[in-house]
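Just below is one structure, and these are the notes that go with it.
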Amino acid sequence: MYIEYITLGAILLLSYIGHNMTVFYAAAIVLGLKILGLTTALNALGSQGLNWGIIILTAAILVPIANGTITIQTMLDAFRTHAGIIAIVAGLLAAVAGGGGVELLQNSPDVIPALIIGTMAGVLLFHGVAVGPLIAGGLTYFVLWILKAVH
């Protein structure tokens, strides 16, 4: 009955103690929506928040292009160094894994609690970043795909 309040409150407290303000703000928003009874907003955040977050993240990544810090030439230069080529491949793999992660989260909601626990542990204990569920979902997708191919 009130366990969701206690759980969100614990996440809020642990993220504050762990100095992870991203999770703190996220937990505060969700807890605030819950306390205020804004079920429609909470449901919209749950169903569309991932898409909104990806849009905002992508927009933030494109800002250096808009302000001229990154040009077409600097993008082409990425193909000239080992680090640049590795970063391109890593970006490609991350995008594929992220897509698989989104698919996994949508089609296998039973893995969400485990992804949340792993992400929270990574954020609180190792000062990680809370993009973990999507990345972890992508990695889980890849491992499950490989296991399916092997069997």
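Simple scheme: letters A, B, ... for chains in structure tokens order, numbers from 1 for residues in each chain, numbers from 1 for ligands in the order shown.
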Do a neighbour search on Ala10 (chain A) at 12 Å with only C-alpha atoms, toss out local chain neighbours closer than 6 positions, and write the hits as a list in words. Ile3, Glu4, Tyr16, Ile17, Gly18, Val23, Phe24, Ala27, Ala28, Leu31, Met120 and Leu124 of chain A
Just list as a VMD selection string whatever in region 29-114 of chain A DSSP marks as alpha helix (DSSP H). chain A and resid 29 to 35 39 to 66 72 to 77 82 to 107 112 to 114
Could you please take those selected residues and save C-alpha atoms as a tab-separated table (two decimals), in the first residue's frame?
chain	number	residue	atom	x	y	z
A	29	ILE	CA	10.10	14.14	-9.35
A	30	VAL	CA	8.54	10.67	-9.32
A	31	LEU	CA	7.83	10.80	-5.58
A	32	GLY	CA	6.37	14.31	-5.95
A	33	LEU	CA	4.05	13.19	-8.75
A	34	LYS	CA	3.01	10.20	-6.64
A	35	ILE	CA	2.38	12.27	-3.49
A	39	THR	CA	-1.39	9.76	-11.96
A	40	THR	CA	-1.79	10.96	-15.55
A	41	ALA	CA	1.56	12.78	-15.43
A	42	LEU	CA	3.20	9.78	-13.73
A	43	ASN	CA	1.84	7.42	-16.38
A	44	ALA	CA	2.94	9.79	-19.18
A	45	LEU	CA	6.43	9.92	-17.67
A	46	GLY	CA	6.48	6.13	-17.45
A	47	SER	CA	5.32	5.58	-21.00
A	48	GLN	CA	7.05	8.47	-22.80
A	49	GLY	CA	9.87	9.54	-20.47
A	50	LEU	CA	12.46	7.33	-22.13
A	51	ASN	CA	11.71	8.89	-25.52
A	52	TRP	CA	11.78	12.41	-24.04
A	53	GLY	CA	15.08	11.66	-22.33
A	54	ILE	CA	16.66	10.35	-25.53
A	55	ILE	CA	15.48	13.44	-27.40
A	56	ILE	CA	16.95	15.79	-24.77
A	57	LEU	CA	20.20	13.79	-24.59
A	58	THR	CA	20.55	13.79	-28.38
A	59	ALA	CA	19.83	17.53	-28.53
A	60	ALA	CA	22.53	18.16	-25.91
A	61	ILE	CA	25.01	16.11	-27.92
A	62	LEU	CA	24.22	18.17	-31.05
A	63	VAL	CA	24.83	21.54	-29.35
A	64	PRO	CA	28.60	21.55	-30.15
A	65	ILE	CA	27.69	21.31	-33.84
A	66	ALA	CA	25.25	24.20	-33.48
A	72	ILE	CA	32.35	18.56	-40.53
A	73	GLN	CA	36.15	18.60	-40.61
A	74	THR	CA	36.44	17.55	-36.95
A	75	MET	CA	33.96	14.76	-37.65
A	76	LEU	CA	36.03	13.58	-40.62
A	77	ASP	CA	39.18	13.77	-38.47
A	82	HIS	CA	42.72	4.90	-33.39
A	83	ALA	CA	40.72	6.53	-30.59
A	84	GLY	CA	38.36	8.10	-33.13
A	85	ILE	CA	37.75	4.82	-34.94
A	86	ILE	CA	37.23	2.98	-31.66
A	87	ALA	CA	34.78	5.71	-30.57
A	88	ILE	CA	32.86	5.38	-33.85
A	89	VAL	CA	32.58	1.61	-33.43
A	90	ALA	CA	31.66	2.02	-29.74
A	91	GLY	CA	28.99	4.56	-30.68
A	92	LEU	CA	27.60	2.20	-33.30
A	93	LEU	CA	27.52	-0.71	-30.84
A	94	ALA	CA	25.99	1.48	-28.12
A	95	ALA	CA	23.23	2.62	-30.49
A	96	VAL	CA	22.46	-0.98	-31.48
A	97	ALA	CA	22.58	-2.10	-27.83
A	98	GLY	CA	20.36	0.82	-26.81
A	99	GLY	CA	17.82	-0.14	-29.45
A	100	GLY	CA	17.90	-3.72	-28.23
A	101	GLY	CA	17.58	-2.43	-24.67
A	102	VAL	CA	14.47	-0.44	-25.52
A	103	GLU	CA	12.98	-3.49	-27.22
A	104	LEU	CA	13.86	-5.70	-24.24
A	105	LEU	CA	12.37	-3.24	-21.73
A	106	GLN	CA	9.15	-3.06	-23.77
A	107	ASN	CA	8.81	-6.79	-24.44
A	112	ILE	CA	13.14	-4.22	-15.27
A	113	PRO	CA	13.44	-4.79	-11.48
A	114	ALA	CA	16.85	-6.45	-11.93
